[in-house]
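S.K.: Pasting in a structure now, in structure tokens, and then I'll have a few things to ask.
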Number of protein chains: 2
Amino acid sequence: MIRIAVDAMGGDFGPEPIVTGVIEALKEYKFHAVLVGDSNAIKHYIPKQFLTYVSFCESSEVISMEDGATDAFKRKECSIYKATELLRSKEVDAIVSAGHSGATMSLATLRVGRIDGVLRPAIATLMPNTNDSSTLVLDVGANVDCKAEHLFQFAIMGEAYAKEVLNRKHPKLGLLSNGEEKSKGNEVSKEAFAMVSKLPSFKGNIEGNHIFDGSIDVVVCDGFIGNILLKTSEGVADAIGKIIKKHVKKSPFAMAGSVLMNKVFKLLKKQVSYDEYGGAPLLGVNGCVIISHGKSNTKAIKNAIFQAINFANSNINNTIKIEISKYKTNE
Amino acid sequence: MIRIAVDAMGGDFGPEPIVTGVIEALKEYKFHAVLVGDSNAIKHYIPKQFLTYVSFCESSEVISMEDGATDAFKRKECSIYKATELLRSKEVDAIVSAGHSGATMSLATLRVGRIDGVLRPAIATLMPNTNDSSTLVLDVGANVDCKAEHLFQFAIMGEAYAKEVLNRKHPKLGLLSNGEEKSKGNEVSKEAFAMVSKLPSFKGNIEGNHIFDGSIDVVVCDGFIGNILLKTSEGVADAIGKIIKKHVKKSPFAMAGSVLMNKVFKLLKKQVSYDEYGGAPLLGVNGCVIISHGKSNTKAIKNAIFQAINFANSNINNTIKIEISKYKTNE
């Protein structure tokens, strides 16, 4: 049975949505959850019939958003530190954390360690597309300054995730750039283009709009740009919603219309909501680490757990190791 | 009377939308238009009563999208080359081009020349925000690899445009980053942060979503990121439209609702459409250069003309020169 350590304390809303998310996941799939945190604050959210699938790892502290990522190394009583140690000692197969993402990343990278040959782990995230599917984008924040070889490795890791975890047999991979032509790009992306061209799944440079049109499965960029595009997308979706609401308020016809369209707006919201995707896997570390949004609700945590299960059930880390070593030898 | 040279041939849809855009602008404001292109292909779009405001500059060739930006220097018969020369010789006050943007930029930078002290001109574009206003973003494509001092100059030029052309007395300026904290950013943006901090309008780092929430007037980034965020924004808006349409088709209630909401959707489309903004000024060159979308319709060209008029009527280039020299001395 898969064992998942969940940082029960790190989220912005305390343990409740996290623990109820774990319970909702348990209703659909049986795994063993190790809840890391103050068991007295957690226990009462767990219905009796699920107690057999749950154990506790006591932790008295939490890394707050004000703390630096490296503070985590000194604070061994923190929930995320303890969760990571469980992965390090292989007492669990995966961890899910809605806490300080920088701390999670640093601890996972340095305490759990990188896969052989991986220079830098990357955070990958799924974004909705109009093909009723999703596009994997990486890196979205782990590495703000990247060299071409880092982008190349992100491409290998993204391809492996698409194949092994998302079950896409022939994923299409694109390098994010300022135009589709080979000649487009900045210094780093142009150098990366030549490297990524070695991968059979590489379809060339892609532009920002291709993330959402379903033409590509995996998008590679550095973490600075990845974070900006993530926030930009949220900002655009949010602005459109606000503009619609503002105009609707001015017209009784439009108000009636919006009531009739309510279901459509709900479906749209569902489709673009990060709750549906759950969390972002940190690719390149020796284990499965799922980083969830600090504002995760029950559903987001439930989906993050499913991501962890799919990841842990897959062969992805071995594939990454093999692929990375293959291109290392060829160089 | 302001004189504007318009590349009548460079757009994706030939001279019609461009010339009719000029006429629509002339209906609202009197200026002198120099239409650069094949006058035989242009003349019949011009109603007699407007002929007095129009002259022609014959040009037999057009730079196509397949041509490289530097090809333009060798092709002196091209419409954009001739339009740029008119600005260089001060026969016109401004140019508007919906043609090859790279060629326009190269010709403007090297033939018209940069403002004293400006290292690199930048393309600025207006994006809608939920404050019923717009946010100026630069650079959106002129410079894919930037140093901190380039970003600093973009900040100065953007601030000047906001004040002098957009009439915002106290513009708020932000540096695009992966977080609001001062410690966030990549190497270049962190170095730029220290420089941009000298500007009184600087409000700190901003994230992608702030472009659309009306909290900031001017957003500074490099041209690689600027282009990606532009395309990403278009992609998100497009995807949301498509998802809504798809769901609406499945339900008669929603269909009726969408009819009642038709006006709202039209207002939204208008608000987020680039037609409303017309074109993107190239800041930092010795003159006024407005770069329009290749797919510009009549309205987009009309608005680009108004941008050129506002620019030409302003004191922006002098302000840029003074501000750049001020900070040069201080360094």
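Chain lettering (A, B, ...) mirrors the order of the structure tokens, residue numbering begins at 1 for each chain separately, and ligand numbering begins at 1 in order of display.
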Neighbouring residues of Tyr161 of chain A were defined as those with any atom within 10 Å, considering only C-alpha atoms; residues of the same chain fewer than 2 positions away were excluded. Please report them as a PyMOL selection string.
M.R.: chain A and resi 124+136+155-159+163-168+171+218+281+283+311+314-317+319-320
S.K.: Got a sec to tell me which of segment 37-146 of chain B DSSP assigns to alpha helix (DSSP H), as a PyMOL selection string?
M.R.: chain B and resi 39-42+79-88+101-107
S.K.: Define the interface residues of chain B facing chain A as those within 6 Å, counting only C-alpha atoms, and report them as a PyMOL selection string.
M.R.: chain B and resi 130+144-145+178+186+208-209+212+224+227-228+231-232+235+239+247+253-254+257+260-261+264
S.K.: Give me the residues near Ile309 of chain A as a ChimeraX atom specification, where near means some atom within 8 Å (using only C-alpha atoms) and where sequence neighbours in that chain fewer than 4 positions away do not count.
M.R.: /A:2,94,305,313
S.K.: Name all residues at most 7 Å from Val62 of chain B (count only C-alpha atoms; drop same-chain ones fewer than 5 positions away) and give them as number ranges by chain.
M.R.: B: 9-10, 78-79
S.K.: May I have the residues within 8 Å of Phe31 of chain A as a VMD selection string, using only C-alpha atoms and disregarding those fewer than 3 positions away in the same chain?
M.R.: chain A and resid 1 to 4 26 53
S.K.: Would you mind exporting N, CA and C atoms of the selected residues as a tab-separated table (two decimals), in the first residue's frame?
M.R.:
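File out_11.tsv, as written:
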chain	number	residue	atom	x	y	z
A	1	MET	N	0.84	-1.21	0.00
A	1	MET	CA	0.00	0.00	0.00
A	1	MET	C	0.87	1.26	0.00
A	2	ILE	N	0.54	2.19	-0.86
A	2	ILE	CA	1.34	3.41	-0.95
A	2	ILE	C	1.23	4.23	0.34
A	3	ARG	N	2.37	4.75	0.77
A	3	ARG	CA	2.38	5.55	2.00
A	3	ARG	C	2.72	7.00	1.64
A	4	ILE	N	1.83	7.89	2.07
A	4	ILE	CA	2.04	9.31	1.73
A	4	ILE	C	2.09	10.15	3.00
A	26	LEU	N	-9.14	9.10	0.51
A	26	LEU	CA	-9.23	7.73	1.05
A	26	LEU	C	-10.56	7.06	0.69
A	53	TYR	N	-6.30	3.78	8.33
A	53	TYR	CA	-5.43	4.16	7.20
A	53	TYR	C	-4.53	5.35	7.52
S.K.: Contacts of Glu191 of chain A at 12 Å or less, counting only C-alpha atoms, minus same-chain residues fewer than 5 places along, as an mmCIF file with C-alpha atoms, in the first residue's frame?
M.R.:
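New file part34.cif:
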data_model
loop_
_atom_site.group_PDB
_atom_site.id
_atom_site.type_symbol
_atom_site.label_atom_id
_atom_site.label_comp_id
_atom_site.auth_asym_id
_atom_site.auth_seq_id
_atom_site.Cartn_x
_atom_site.Cartn_y
_atom_site.Cartn_z
ATOM 1 C CA CYS A 146 18.747 28.874 -15.883
ATOM 2 C CA LYS A 147 21.370 27.717 -18.305
ATOM 3 C CA ALA A 148 20.543 25.899 -21.522
ATOM 4 C CA GLU A 149 21.432 22.521 -20.035
ATOM 5 C CA HIS A 150 18.950 23.098 -17.207
ATOM 6 C CA LEU A 151 16.175 23.740 -19.741
ATOM 7 C CA PHE A 152 17.255 20.611 -21.596
ATOM 8 C CA LEU A 175 10.303 25.362 -25.891
ATOM 9 C CA LYS A 182 14.108 28.410 -34.877
ATOM 10 C CA SER A 183 15.867 31.777 -35.011
ATOM 11 C CA LYS A 184 13.655 33.193 -32.244
ATOM 12 C CA GLY A 185 14.576 33.197 -28.599
ATOM 13 C CA ASN A 186 16.951 34.719 -26.124
ATOM 14 C CA VAL A 196 16.255 19.857 -26.905
ATOM 15 C CA SER A 197 16.164 19.084 -30.648
#
S.K.: In Å, how far is it from atom CA of Lys48 of chain B to atom CA of Ser292 of chain B?
M.R.: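 Distance reported for this atom pair: 26.4 Å.
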S.K.: Residues near Ser39 of chain A, anyone? I mean within 9 Å using only C-alpha atoms, not counting same-chain ones fewer than 5 positions away, as a count of residues only.
M.R.: 5
S.K.: Go through A:Leu119, A:Ala41, A:Val112, A:Val219 and flag the residue nearest Ala83 of chain A, using only C-alpha atoms for the distances.
M.R.: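 Using only C-alpha atoms, the shortest distance to Ala83 of chain A belongs to A:Val112.
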S.K.: What is the distance, in Å and to one decimal place, between atom CA of Lys82 of chain B and atom CA of Glu61 of chain B?
M.R.: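 According to the coordinates, atom CA of Lys82 of chain B and atom CA of Glu61 of chain B are separated by 10.1 Å.
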S.K.: Please, what distance in Å, to one decimal, runs between atom CA of Lys299 of chain B and atom CA of Val137 of chain B?
M.R.: 21.4 Å
